[in-house]
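Engineer: target-v7.cif is reproduced below (mmCIF, C-alpha atoms (C1' of nucleotides)).
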data_model
#
loop_
_atom_site.label_atom_id
_atom_site.label_comp_id
_atom_site.auth_asym_id
_atom_site.auth_seq_id
_atom_site.Cartn_x
_atom_site.Cartn_y
_atom_site.Cartn_z
CA MET A 1 14.10 -18.15 -14.06
CA ALA A 2 10.42 -18.24 -14.64
CA THR A 3 7.97 -15.57 -13.57
CA PRO A 4 6.41 -16.67 -10.30
CA ARG A 5 3.02 -18.16 -10.82
CA THR A 6 -0.01 -15.99 -10.12
CA TYR A 7 -3.64 -16.82 -9.53
CA GLY A 8 -6.90 -15.00 -10.01
CA ILE A 9 -9.25 -15.13 -7.09
CA GLY A 10 -11.24 -17.96 -8.64
CA GLU A 11 -8.20 -20.13 -9.19
CA LEU A 12 -7.00 -19.38 -5.66
CA ALA A 13 -10.40 -20.33 -4.32
CA ARG A 14 -10.35 -23.61 -6.20
CA GLN A 15 -6.84 -24.52 -5.10
CA SER A 16 -7.48 -23.64 -1.48
CA GLN A 17 -11.02 -24.95 -1.33
CA VAL A 18 -12.23 -21.67 0.11
CA LYS A 19 -15.07 -19.83 -1.58
CA VAL A 20 -14.35 -16.67 -3.50
CA GLU A 21 -16.53 -14.56 -1.23
CA THR A 22 -14.82 -16.00 1.79
CA VAL A 23 -11.41 -15.12 0.38
CA ARG A 24 -12.51 -11.52 0.03
CA TYR A 25 -13.97 -11.67 3.51
CA TYR A 26 -10.68 -12.91 4.95
CA GLU A 27 -8.89 -10.08 3.22
CA GLN A 28 -11.33 -7.58 4.61
CA SER A 29 -10.90 -8.93 8.11
CA GLY A 30 -7.16 -8.79 7.86
CA LEU A 31 -6.26 -12.48 7.80
CA LEU A 32 -5.08 -12.34 4.23
CA PRO A 33 -2.94 -9.40 3.04
CA ASN A 34 -4.25 -7.17 0.28
CA PRO A 35 -2.85 -8.59 -2.91
CA PRO A 36 -1.63 -6.49 -5.82
CA ARG A 37 -4.17 -5.79 -8.53
CA THR A 38 -4.27 -5.81 -12.28
CA ASP A 39 -4.81 -2.50 -14.06
CA GLY A 40 -8.46 -3.37 -14.17
CA GLY A 41 -8.60 -3.96 -10.43
CA HIS A 42 -8.64 -7.76 -10.28
CA ARG A 43 -6.71 -9.35 -7.43
CA LEU A 44 -3.50 -11.16 -8.26
CA TYR A 45 -2.34 -13.83 -5.86
CA THR A 46 0.88 -15.77 -5.49
CA GLU A 47 1.93 -19.07 -3.99
CA THR A 48 2.47 -17.33 -0.66
CA HIS A 49 -1.15 -16.23 -0.51
CA LEU A 50 -2.25 -19.72 -1.39
CA LYS A 51 -0.25 -21.28 1.43
CA ARG A 52 -1.52 -18.78 3.92
CA LEU A 53 -5.08 -19.34 2.83
CA VAL A 54 -4.73 -23.09 3.14
CA PHE A 55 -3.32 -22.55 6.61
CA ILE A 56 -6.38 -20.50 7.50
CA ARG A 57 -8.76 -23.06 6.07
CA ARG A 58 -7.14 -25.85 7.99
CA CYS A 59 -7.23 -23.93 11.21
CA ARG A 60 -10.91 -23.31 10.66
CA GLU A 61 -11.43 -26.99 10.05
CA LEU A 62 -9.68 -27.60 13.34
CA GLY A 63 -12.20 -25.30 14.95
CA PHE A 64 -9.95 -22.35 15.65
CA SER A 65 -11.83 -19.08 15.71
CA MET A 66 -10.69 -16.29 13.44
CA LYS A 67 -9.35 -14.52 16.47
CA GLU A 68 -7.26 -17.53 17.41
CA ILE A 69 -6.03 -17.80 13.85
CA ARG A 70 -5.11 -14.15 13.91
CA GLY A 71 -3.07 -14.97 17.01
CA LEU A 72 -1.28 -17.81 15.28
CA LEU A 73 -0.63 -15.73 12.20
CA ASP A 74 0.70 -12.86 14.26
CA LEU A 75 3.17 -15.25 15.81
CA VAL A 76 4.16 -16.53 12.41
CA ASP A 77 4.36 -13.08 10.87
CA GLY A 78 6.50 -11.83 13.73
CA ARG A 79 8.81 -14.75 13.02
CA LYS A 80 9.55 -14.72 16.71
CA TYR A 81 7.14 -17.41 17.77
CA THR A 82 8.38 -20.34 19.74
CA CYS A 83 7.26 -23.89 19.49
CA GLY A 84 6.02 -23.61 23.07
CA GLU A 85 3.66 -20.73 22.29
CA VAL A 86 2.07 -22.50 19.37
CA ARG A 87 1.79 -25.71 21.28
CA SER A 88 0.12 -24.05 24.21
CA LEU A 89 -2.43 -22.32 22.00
CA THR A 90 -3.15 -25.68 20.42
CA LEU A 91 -3.54 -27.46 23.73
CA GLU A 92 -5.81 -24.74 25.07
CA HIS A 93 -7.95 -25.11 22.03
CA ALA A 94 -8.01 -28.87 22.43
CA ALA A 95 -9.25 -28.39 25.97
CA ASP A 96 -12.06 -26.19 24.65
CA VAL A 97 -12.99 -28.91 22.23
CA ARG A 98 -13.03 -31.49 25.00
CA ARG A 99 -15.34 -29.31 27.06
CA LYS A 100 -17.64 -28.98 24.11
CA ILE A 101 -17.68 -32.72 23.63
CA ALA A 102 -18.55 -33.27 27.28
CA ASP A 103 -21.42 -30.79 27.04
CA LEU A 104 -22.78 -32.43 23.95
CA ARG A 105 -22.55 -35.85 25.51
CA GLY A 106 -24.66 -34.71 28.42
CA LEU A 107 -27.06 -33.23 25.97
CA GLU A 108 -27.36 -36.39 24.01
CA ARG A 109 -27.96 -38.43 27.14
CA THR A 110 -30.77 -36.11 28.14
CA LEU A 111 -32.33 -36.19 24.70
CA MET A 112 -32.29 -39.96 24.61
CA ARG A 113 -33.64 -40.15 28.11
CA ILE A 114 -36.63 -37.98 27.40
CA ALA A 115 -37.19 -39.65 24.04
CA SER A 116 -37.28 -43.01 25.72
CA GLU A 117 -40.11 -41.84 27.91
CA CYS A 118 -42.63 -41.94 25.14
CA GLU A 119 -43.59 -44.72 22.85
CA GLY A 120 -43.92 -42.46 19.90
CA GLY A 121 -47.36 -43.57 18.88
CA ALA A 122 -50.17 -41.49 17.44
CA VAL A 123 -51.19 -40.39 20.92
CA PRO A 124 -51.95 -36.67 20.97
CA LYS A 125 -49.99 -36.11 24.14
CA CYS A 126 -46.31 -36.44 24.72
CA PRO A 127 -44.25 -36.83 27.86
CA ILE A 128 -41.40 -34.93 26.21
CA ILE A 129 -43.53 -31.85 25.91
CA ASP A 130 -44.77 -32.34 29.45
CA VAL A 131 -41.27 -32.58 30.80
CA LEU A 132 -40.19 -29.47 28.99
CA PHE A 133 -43.21 -27.49 30.11
CA ASP A 134 -43.34 -28.66 33.70
CA SER A 135 -41.50 -26.46 36.10
CA GLY A 136 -40.51 -29.09 38.61
CA THR A 137 -38.25 -31.19 36.45
CA ARG A 138 -34.54 -30.74 36.22
CA LEU A 139 -33.11 -31.58 32.84
CA THR A 140 -29.44 -30.93 32.91
CA ASP A 141 -26.66 -31.19 35.46
CA ALA A 142 -25.50 -28.15 37.33
CA ARG A 143 -22.37 -26.82 35.59
CA ARG A 144 -23.07 -24.82 32.49
CA MET B 145 -61.32 -16.46 43.02
CA ALA B 146 -58.12 -14.45 42.95
CA THR B 147 -56.92 -12.33 40.07
CA PRO B 148 -54.41 -14.41 38.09
CA ARG B 149 -50.90 -13.47 38.92
CA THR B 150 -49.04 -11.19 36.51
CA TYR B 151 -45.37 -10.45 36.02
CA GLY B 152 -43.40 -7.53 34.71
CA ILE B 153 -40.72 -8.41 32.22
CA GLY B 154 -38.03 -8.27 34.90
CA GLU B 155 -39.84 -10.67 37.18
CA LEU B 156 -40.53 -12.99 34.25
CA ALA B 157 -36.87 -12.89 33.34
CA ARG B 158 -35.84 -13.79 36.87
CA GLN B 159 -38.31 -16.64 37.15
CA SER B 160 -37.44 -18.10 33.79
CA GLN B 161 -33.72 -17.40 33.96
CA VAL B 162 -33.83 -15.73 30.59
CA LYS B 163 -32.49 -12.21 30.22
CA VAL B 164 -34.88 -9.34 29.73
CA GLU B 165 -33.46 -8.47 26.32
CA THR B 166 -33.72 -12.07 25.27
CA VAL B 167 -37.37 -12.18 26.28
CA ARG B 168 -38.07 -9.21 24.04
CA TYR B 169 -36.03 -10.86 21.34
CA TYR B 170 -38.10 -14.03 21.56
CA GLU B 171 -41.25 -11.97 21.31
CA GLN B 172 -39.91 -10.20 18.26
CA SER B 173 -39.02 -13.45 16.59
CA GLY B 174 -42.42 -14.89 17.27
CA LEU B 175 -41.61 -17.57 19.83
CA LEU B 176 -43.41 -15.76 22.61
CA PRO B 177 -46.80 -14.14 21.94
CA ASN B 178 -47.17 -10.40 22.36
CA PRO B 179 -48.39 -9.88 25.88
CA PRO B 180 -50.96 -7.28 26.90
CA ARG B 181 -49.58 -3.98 28.07
CA THR B 182 -50.22 -1.55 30.86
CA ASP B 183 -51.56 1.88 29.95
CA GLY B 184 -48.00 3.08 30.00
CA GLY B 185 -46.89 0.39 27.58
CA HIS B 186 -45.16 -2.04 29.89
CA ARG B 187 -45.54 -5.72 29.13
CA LEU B 188 -47.73 -7.79 31.43
CA TYR B 189 -47.11 -11.50 31.54
CA THR B 190 -48.99 -14.41 33.03
CA GLU B 191 -48.18 -17.91 34.20
CA THR B 192 -48.76 -19.19 30.67
CA HIS B 193 -46.06 -16.95 29.28
CA LEU B 194 -43.72 -18.07 32.02
CA LYS B 195 -44.23 -21.74 31.22
CA ARG B 196 -43.74 -21.17 27.56
CA LEU B 197 -40.57 -19.23 28.17
CA VAL B 198 -39.17 -21.94 30.40
CA PHE B 199 -39.98 -24.44 27.69
CA ILE B 200 -38.04 -22.34 25.21
CA ARG B 201 -35.08 -21.95 27.53
CA ARG B 202 -34.90 -25.67 28.14
CA CYS B 203 -35.07 -26.46 24.47
CA ARG B 204 -32.20 -24.03 23.88
CA GLU B 205 -30.24 -25.74 26.62
CA LEU B 206 -30.87 -29.00 24.82
CA GLY B 207 -29.37 -27.44 21.72
CA PHE B 208 -32.53 -27.06 19.67
CA SER B 209 -32.32 -24.20 17.21
CA MET B 210 -34.97 -21.52 17.33
CA LYS B 211 -36.36 -22.94 14.13
CA GLU B 212 -36.69 -26.35 15.71
CA ILE B 213 -38.32 -24.82 18.75
CA ARG B 214 -40.72 -23.00 16.51
CA GLY B 215 -41.54 -26.40 15.05
CA LEU B 216 -42.20 -27.90 18.46
CA LEU B 217 -44.28 -24.93 19.55
CA ASP B 218 -46.30 -25.04 16.37
CA LEU B 219 -47.15 -28.63 17.14
CA VAL B 220 -48.11 -27.73 20.68
CA ASP B 221 -50.08 -24.68 19.64
CA GLY B 222 -51.96 -26.67 17.06
CA ARG B 223 -52.86 -29.06 19.88
CA LYS B 224 -52.86 -31.74 17.25
CA TYR B 225 -49.36 -33.00 17.74
CA THR B 226 -48.73 -36.64 18.33
CA CYS B 227 -46.20 -38.21 20.57
CA GLY B 228 -44.60 -39.70 17.48
CA GLU B 229 -43.98 -36.33 15.87
CA VAL B 230 -42.32 -34.89 18.92
CA ARG B 231 -40.28 -38.00 19.45
CA SER B 232 -39.04 -38.02 15.90
CA LEU B 233 -37.98 -34.37 16.07
CA THR B 234 -36.13 -35.17 19.27
CA LEU B 235 -34.40 -38.20 17.81
CA GLU B 236 -33.39 -36.27 14.71
CA HIS B 237 -31.90 -33.64 16.89
CA ALA B 238 -30.08 -36.26 18.94
CA ALA B 239 -28.60 -37.61 15.73
CA ASP B 240 -27.35 -34.12 14.89
CA VAL B 241 -25.75 -33.90 18.27
CA ARG B 242 -24.07 -37.27 17.80
CA ARG B 243 -22.67 -36.15 14.47
CA LYS B 244 -21.30 -33.04 16.10
CA ILE B 245 -19.67 -35.11 18.82
CA ALA B 246 -18.03 -37.38 16.26
CA ASP B 247 -16.67 -34.36 14.38
CA LEU B 248 -15.28 -32.85 17.52
CA ARG B 249 -13.68 -36.13 18.53
CA GLY B 250 -11.84 -36.28 15.23
CA LEU B 251 -10.83 -32.71 15.72
CA GLU B 252 -9.48 -33.37 19.16
CA ARG B 253 -7.51 -36.34 17.95
CA THR B 254 -5.91 -34.25 15.24
CA LEU B 255 -5.08 -31.43 17.61
CA MET B 256 -3.44 -33.78 20.07
CA ARG B 257 -1.59 -35.51 17.30
CA ILE B 258 -0.07 -32.36 15.91
CA ALA B 259 0.63 -31.03 19.40
CA SER B 260 2.50 -34.19 20.22
CA GLU B 261 4.82 -33.57 17.33
CA CYS B 262 6.62 -30.75 19.03
CA GLU B 263 8.37 -30.64 22.33
CA GLY B 264 7.14 -27.18 23.10
CA GLY B 265 10.50 -25.70 23.92
CA ALA B 266 11.72 -22.20 23.19
CA VAL B 267 12.70 -23.21 19.69
CA PRO B 268 11.65 -20.56 17.17
CA LYS B 269 10.23 -23.10 14.77
CA CYS B 270 7.26 -25.34 15.22
CA PRO B 271 6.17 -28.52 13.50
CA ILE B 272 2.53 -27.57 14.08
CA ILE B 273 2.91 -24.48 11.96
CA ASP B 274 4.79 -26.48 9.36
CA VAL B 275 2.08 -29.08 9.16
CA LEU B 276 -0.59 -26.45 8.76
CA PHE B 277 1.33 -24.59 6.08
CA ASP B 278 2.57 -27.56 4.11
CA SER B 279 0.41 -28.55 1.22
CA GLY B 280 1.16 -32.25 1.26
CA THR B 281 -0.25 -33.11 4.63
CA ARG B 282 -3.75 -34.35 5.19
CA LEU B 283 -5.21 -33.32 8.50
CA THR B 284 -8.71 -34.61 8.67
CA ASP B 285 -10.58 -37.62 7.41
CA ALA B 286 -12.63 -37.38 4.29
CA ARG B 287 -16.27 -36.79 5.33
CA ARG B 288 -17.03 -33.20 6.22
"C1'" DG C 289 -15.19 -7.82 -32.34
"C1'" DT C 290 -18.16 -9.89 -29.40
"C1'" DA C 291 -20.05 -12.65 -25.92
"C1'" DA C 292 -19.54 -15.32 -21.89
"C1'" DA C 293 -17.17 -15.93 -17.75
"C1'" DA C 294 -15.06 -14.02 -14.03
"C1'" DG C 295 -14.28 -10.28 -11.22
"C1'" DC C 296 -15.39 -5.87 -8.87
"C1'" DT C 297 -17.89 -3.17 -4.81
"C1'" DC C 298 -21.44 -2.55 -1.77
"C1'" DC C 299 -24.89 -4.07 0.98
"C1'" DA C 300 -28.31 -7.09 3.22
"C1'" DG C 301 -29.30 -11.43 5.47
"C1'" DT C 302 -28.25 -15.42 8.55
"C1'" DT C 303 -28.48 -17.12 14.09
"C1'" DG C 304 -29.04 -16.04 18.77
"C1'" DC C 305 -28.42 -13.06 21.25
"C1'" DT C 306 -26.15 -8.62 23.89
"C1'" DA C 307 -25.60 -3.79 24.56
"C1'" DT C 308 -25.86 0.65 24.20
"C1'" DA C 309 -28.83 5.63 24.15
"C1'" DG C 310 -32.34 8.33 25.36
"C1'" DA C 311 -37.00 8.59 26.58
"C1'" DT C 312 -40.72 7.15 29.53
"C1'" DT C 313 -43.35 4.83 33.32
"C1'" DC C 314 -43.89 2.75 37.65
"C1'" DA C 315 -43.50 2.05 42.73
"C1'" DA C 316 -42.31 3.57 47.14
"C1'" DG C 317 -41.00 6.84 50.62
"C1'" DA C 318 -41.27 11.72 52.66
"C1'" DT D 319 -48.79 14.80 46.47
"C1'" DC D 320 -44.33 15.00 45.05
"C1'" DT D 321 -40.13 13.13 44.01
"C1'" DT D 322 -36.67 10.16 43.41
"C1'" DG D 323 -34.74 5.90 41.50
"C1'" DA D 324 -35.53 1.62 39.48
"C1'" DA D 325 -37.58 -0.61 35.79
"C1'" DT D 326 -39.15 -0.48 31.26
"C1'" DC D 327 -39.79 1.26 26.64
"C1'" DT D 328 -38.08 1.64 21.46
"C1'" DA D 329 -34.65 1.72 18.14
"C1'" DT D 330 -30.42 0.66 16.66
"C1'" DA D 331 -25.89 -1.44 16.25
"C1'" DG D 332 -22.73 -5.03 17.19
"C1'" DC D 333 -20.71 -10.02 17.66
"C1'" DA D 334 -18.95 -14.46 14.56
"C1'" DA D 335 -18.18 -16.18 10.17
"C1'" DC D 336 -19.72 -16.21 6.50
"C1'" DT D 337 -23.28 -16.24 2.16
"C1'" DG D 338 -25.84 -14.27 -1.45
"C1'" DG D 339 -27.48 -10.75 -4.58
"C1'" DA D 340 -27.53 -6.46 -7.54
"C1'" DG D 341 -25.41 -4.02 -10.89
"C1'" DC D 342 -21.43 -2.96 -12.90
"C1'" DT D 343 -16.54 -3.69 -15.30
"C1'" DT D 344 -12.69 -6.54 -16.85
"C1'" DT D 345 -10.77 -10.45 -18.86
"C1'" DT D 346 -10.61 -14.30 -21.88
"C1'" DA D 347 -11.63 -17.12 -25.76
"C1'" DC D 348 -13.27 -17.65 -30.18
#
If you convert what's in this file into structure tokens, what do you get?
Structural biologist:
Amino acid sequence: MATPRTYGIGELARQSQVKVETVRYYEQSGLLPNPPRTDGGHRLYTETHLKRLVFIRRCRELGFSMKEIRGLLDLVDGRKYTCGEVRSLTLEHAADVRRKIADLRGLERTLMRIASECEGGAVPKCPIIDVLFDSGTRLTDARR
Amino acid sequence: MATPRTYGIGELARQSQVKVETVRYYEQSGLLPNPPRTDGGHRLYTETHLKRLVFIRRCRELGFSMKEIRGLLDLVDGRKYTCGEVRSLTLEHAADVRRKIADLRGLERTLMRIASECEGGAVPKCPIIDVLFDSGTRLTDARR
DNA sequence: GTAAAAGCTCCAGTTGCTATAGATTCAAGA
DNA sequence: TCTTGAATCTATAGCAACTGGAGCTTTTAC
């Protein structure tokens, strides 16, 4: 059978859509295992590395922190993870995301509200600034 | 008339609801002017500083970056800002926030979708992990 | 053989803080 | 006035999650 395919760091980066520097950074922070090296010291990756890196990239795209990803990978690496564990991490994260969305919605409402208070002309005085400077006004809701 | 009221950094922090260290940080990064000092070197603030600091805190709560706040303060400091300028910065920022919300919504959808694919039992194998590892699957929409 | 491309390490910078350590200063009570 | 104890001072390092550069070596292609 054929020799398993290997990749230089550049090729790996291209395939995974992760920048070269970021690959090295992930290695340094322990998300990606140290690959073997050529005699000259260049990193040599395999399909396994590629898959893992894509996994990491996707998790990042889904907004998981590196810490959370480390958690997921630990589960996977231990090979003793259960579907329930993974699912609950995912749902927790989804709840975080929902909270963030709610916060941003409130934010947007406030921004639009204060923006609507001025006509935006060439007047050298702006109610937005006044609102932000004045101590009496309350901008946001309580929680936060 | 009475001597204008002054505040130590701790009092200022309490009034503005910004931490002491953060106040010093804002000074260092040029958002807050260097206040006069006592003979011993302690900072002495006035009402003006307090107002400015509250302004900064509110902008941060509204999600403005320090750079954006610097922009707003520059306008204010120049005293030549127009309502239109401030309004347009605010609307731009609101657009950013909307984009962020849209991204997070997509994210949440994806998370819920993949979470729904497993029953969450004690099974030592999880479709979420599979989806994230498999190369064929597309998780997110194009734009991003 | 040579030259360009790709890789190497190390380190600094980004944003918006937070948190020490160790020295000093200030305010209030005895 | 002296003496605590709280507040403040500076300087520095750390967090996340990268990104970029300098200055070198290795690999690859012609």
Engineer: Least-squares fit on all C-alpha atoms, paired in order: put chain B onto chain A and return it as an mmCIF file with C-alpha atoms, keeping the file's coordinate frame.
Structural biologist:
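See selection.cif below for the written result:
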data_model
loop_
_atom_site.group_PDB
_atom_site.id
_atom_site.type_symbol
_atom_site.label_atom_id
_atom_site.label_comp_id
_atom_site.auth_asym_id
_atom_site.auth_seq_id
_atom_site.Cartn_x
_atom_site.Cartn_y
_atom_site.Cartn_z
ATOM 1 C CA MET B 145 14.437 -17.763 -13.881
ATOM 2 C CA ALA B 146 10.716 -17.896 -14.532
ATOM 3 C CA THR B 147 8.210 -15.273 -13.499
ATOM 4 C CA PRO B 148 6.610 -16.443 -10.240
ATOM 5 C CA ARG B 149 3.257 -17.960 -10.833
ATOM 6 C CA THR B 150 0.182 -15.832 -10.136
ATOM 7 C CA TYR B 151 -3.449 -16.705 -9.581
ATOM 8 C CA GLY B 152 -6.719 -14.926 -10.098
ATOM 9 C CA ILE B 153 -9.098 -15.096 -7.188
ATOM 10 C CA GLY B 154 -11.052 -17.923 -8.809
ATOM 11 C CA GLU B 155 -7.989 -20.066 -9.322
ATOM 12 C CA LEU B 156 -6.844 -19.344 -5.771
ATOM 13 C CA ALA B 157 -10.251 -20.347 -4.495
ATOM 14 C CA ARG B 158 -10.135 -23.621 -6.392
ATOM 15 C CA GLN B 159 -6.637 -24.476 -5.235
ATOM 16 C CA SER B 160 -7.321 -23.642 -1.627
ATOM 17 C CA GLN B 161 -10.864 -24.983 -1.533
ATOM 18 C CA VAL B 162 -12.105 -21.741 -0.081
ATOM 19 C CA LYS B 163 -14.931 -19.902 -1.798
ATOM 20 C CA VAL B 164 -14.220 -16.717 -3.680
ATOM 21 C CA GLU B 165 -16.446 -14.639 -1.416
ATOM 22 C CA THR B 166 -14.774 -16.110 1.613
ATOM 23 C CA VAL B 167 -11.355 -15.182 0.270
ATOM 24 C CA ARG B 168 -12.472 -11.580 -0.058
ATOM 25 C CA TYR B 169 -13.979 -11.812 3.384
ATOM 26 C CA TYR B 170 -10.698 -13.008 4.861
ATOM 27 C CA GLU B 171 -8.914 -10.143 3.176
ATOM 28 C CA GLN B 172 -11.414 -7.694 4.584
ATOM 29 C CA SER B 173 -11.014 -9.067 8.063
ATOM 30 C CA GLY B 174 -7.270 -8.875 7.857
ATOM 31 C CA LEU B 175 -6.326 -12.549 7.780
ATOM 32 C CA LEU B 176 -5.087 -12.376 4.219
ATOM 33 C CA PRO B 177 -2.967 -9.411 3.087
ATOM 34 C CA ASN B 178 -4.260 -7.168 0.330
ATOM 35 C CA PRO B 179 -2.818 -8.535 -2.864
ATOM 36 C CA PRO B 180 -1.566 -6.400 -5.741
ATOM 37 C CA ARG B 181 -4.062 -5.697 -8.469
ATOM 38 C CA THR B 182 -4.116 -5.663 -12.223
ATOM 39 C CA ASP B 183 -4.650 -2.332 -13.957
ATOM 40 C CA GLY B 184 -8.299 -3.211 -14.119
ATOM 41 C CA GLY B 185 -8.475 -3.855 -10.394
ATOM 42 C CA HIS B 186 -8.492 -7.625 -10.277
ATOM 43 C CA ARG B 187 -6.629 -9.277 -7.437
ATOM 44 C CA LEU B 188 -3.379 -11.055 -8.243
ATOM 45 C CA TYR B 189 -2.227 -13.729 -5.859
ATOM 46 C CA THR B 190 0.990 -15.657 -5.467
ATOM 47 C CA GLU B 191 2.065 -18.959 -3.979
ATOM 48 C CA THR B 192 2.540 -17.253 -0.617
ATOM 49 C CA HIS B 193 -1.076 -16.178 -0.512
ATOM 50 C CA LEU B 194 -2.144 -19.675 -1.441
ATOM 51 C CA LYS B 195 -0.179 -21.237 1.400
ATOM 52 C CA ARG B 196 -1.498 -18.770 3.876
ATOM 53 C CA LEU B 197 -5.043 -19.366 2.753
ATOM 54 C CA VAL B 198 -4.659 -23.113 3.049
ATOM 55 C CA PHE B 199 -3.290 -22.591 6.528
ATOM 56 C CA ILE B 200 -6.366 -20.568 7.406
ATOM 57 C CA ARG B 201 -8.731 -23.130 5.945
ATOM 58 C CA ARG B 202 -7.103 -25.931 7.881
ATOM 59 C CA CYS B 203 -7.232 -24.013 11.110
ATOM 60 C CA ARG B 204 -10.944 -23.404 10.524
ATOM 61 C CA GLU B 205 -11.413 -27.100 9.902
ATOM 62 C CA LEU B 206 -9.701 -27.715 13.212
ATOM 63 C CA GLY B 207 -12.255 -25.437 14.819
ATOM 64 C CA PHE B 208 -10.015 -22.474 15.553
ATOM 65 C CA SER B 209 -11.916 -19.210 15.623
ATOM 66 C CA MET B 210 -10.786 -16.416 13.356
ATOM 67 C CA LYS B 211 -9.482 -14.644 16.414
ATOM 68 C CA GLU B 212 -7.380 -17.639 17.333
ATOM 69 C CA ILE B 213 -6.118 -17.883 13.785
ATOM 70 C CA ARG B 214 -5.227 -14.238 13.883
ATOM 71 C CA GLY B 215 -3.227 -15.071 16.992
ATOM 72 C CA LEU B 216 -1.381 -17.886 15.264
ATOM 73 C CA LEU B 217 -0.714 -15.784 12.186
ATOM 74 C CA ASP B 218 0.554 -12.921 14.284
ATOM 75 C CA LEU B 219 3.052 -15.279 15.833
ATOM 76 C CA VAL B 220 4.099 -16.537 12.429
ATOM 77 C CA ASP B 221 4.266 -13.079 10.921
ATOM 78 C CA GLY B 222 6.363 -11.839 13.787
ATOM 79 C CA ARG B 223 8.719 -14.728 13.024
ATOM 80 C CA LYS B 224 9.474 -14.733 16.702
ATOM 81 C CA TYR B 225 7.064 -17.407 17.761
ATOM 82 C CA THR B 226 8.259 -20.347 19.742
ATOM 83 C CA CYS B 227 7.141 -23.894 19.509
ATOM 84 C CA GLY B 228 5.879 -23.579 23.063
ATOM 85 C CA GLU B 229 3.536 -20.721 22.244
ATOM 86 C CA VAL B 230 1.960 -22.506 19.335
ATOM 87 C CA ARG B 231 1.671 -25.709 21.277
ATOM 88 C CA SER B 232 -0.020 -24.018 24.179
ATOM 89 C CA LEU B 233 -2.567 -22.315 21.924
ATOM 90 C CA THR B 234 -3.271 -25.685 20.358
ATOM 91 C CA LEU B 235 -3.669 -27.432 23.689
ATOM 92 C CA GLU B 236 -5.961 -24.702 24.974
ATOM 93 C CA HIS B 237 -8.076 -25.111 21.933
ATOM 94 C CA ALA B 238 -8.131 -28.876 22.382
ATOM 95 C CA ALA B 239 -9.372 -28.343 25.917
ATOM 96 C CA ASP B 240 -12.188 -26.183 24.555
ATOM 97 C CA VAL B 241 -13.103 -28.916 22.162
ATOM 98 C CA ARG B 242 -13.132 -31.483 24.956
ATOM 99 C CA ARG B 243 -15.440 -29.290 26.998
ATOM 100 C CA LYS B 244 -17.761 -28.994 24.044
ATOM 101 C CA ILE B 245 -17.783 -32.756 23.606
ATOM 102 C CA ALA B 246 -18.636 -33.285 27.265
ATOM 103 C CA ASP B 247 -21.515 -30.807 27.004
ATOM 104 C CA LEU B 248 -22.871 -32.484 23.934
ATOM 105 C CA ARG B 249 -22.615 -35.901 25.545
ATOM 106 C CA GLY B 250 -24.729 -34.721 28.449
ATOM 107 C CA LEU B 251 -27.140 -33.249 25.995
ATOM 108 C CA GLU B 252 -27.429 -36.460 24.071
ATOM 109 C CA ARG B 253 -28.021 -38.436 27.219
ATOM 110 C CA THR B 254 -30.834 -36.119 28.215
ATOM 111 C CA LEU B 255 -32.424 -36.234 24.791
ATOM 112 C CA MET B 256 -32.373 -40.010 24.729
ATOM 113 C CA ARG B 257 -33.690 -40.161 28.240
ATOM 114 C CA ILE B 258 -36.683 -37.985 27.557
ATOM 115 C CA ALA B 259 -37.293 -39.688 24.215
ATOM 116 C CA SER B 260 -37.361 -43.031 25.940
ATOM 117 C CA GLU B 261 -40.171 -41.844 28.134
ATOM 118 C CA CYS B 262 -42.726 -41.968 25.388
ATOM 119 C CA GLU B 263 -43.736 -44.786 23.152
ATOM 120 C CA GLY B 264 -44.089 -42.555 20.156
ATOM 121 C CA GLY B 265 -47.557 -43.659 19.201
ATOM 122 C CA ALA B 266 -50.332 -41.549 17.746
ATOM 123 C CA VAL B 267 -51.339 -40.394 21.193
ATOM 124 C CA PRO B 268 -52.053 -36.657 21.216
ATOM 125 C CA LYS B 269 -50.078 -36.083 24.378
ATOM 126 C CA CYS B 270 -46.389 -36.439 24.930
ATOM 127 C CA PRO B 271 -44.296 -36.847 28.047
ATOM 128 C CA ILE B 272 -41.439 -34.986 26.356
ATOM 129 C CA ILE B 273 -43.534 -31.870 26.055
ATOM 130 C CA ASP B 274 -44.726 -32.313 29.615
ATOM 131 C CA VAL B 275 -41.215 -32.598 30.931
ATOM 132 C CA LEU B 276 -40.135 -29.495 29.084
ATOM 133 C CA PHE B 277 -43.119 -27.486 30.260
ATOM 134 C CA ASP B 278 -43.204 -28.650 33.849
ATOM 135 C CA SER B 279 -41.366 -26.460 36.262
ATOM 136 C CA GLY B 280 -40.345 -29.141 38.716
ATOM 137 C CA THR B 281 -38.139 -31.193 36.477
ATOM 138 C CA ARG B 282 -34.419 -30.754 36.217
ATOM 139 C CA LEU B 283 -33.033 -31.560 32.814
ATOM 140 C CA THR B 284 -29.358 -30.904 32.879
ATOM 141 C CA ASP B 285 -26.580 -31.148 35.402
ATOM 142 C CA ALA B 286 -25.434 -28.090 37.227
ATOM 143 C CA ARG B 287 -22.334 -26.747 35.419
ATOM 144 C CA ARG B 288 -23.136 -24.723 32.335
#
Engineer: If I take atom CA of B:Lys211 and atom CA of B:Leu176, how far is one from the other in Å, to one decimal?
Structural biologist: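 For atom CA of B:Lys211 relative to atom CA of B:Leu176, the distance reads 13.2 Å.
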Engineer: Which residue, C:DT290, C:DT313, C:DT308, C:DT302, has the smallest gap to chain B when you use all atoms listed in the file?
Structural biologist: C:DT313
Engineer: Check what the PyMOL selection byres ((chain B) within 12 of (chain D)) selects in the file above and give those residues as a ChimeraX atom specification.
Structural biologist: /B:152-155,164-165,168,181-182,184-188
Engineer: Take the PyMOL selection byres ((chain A and resi 54) around 8), apply it to the structure above, and return the hits as a count of residues only.
Structural biologist: 13
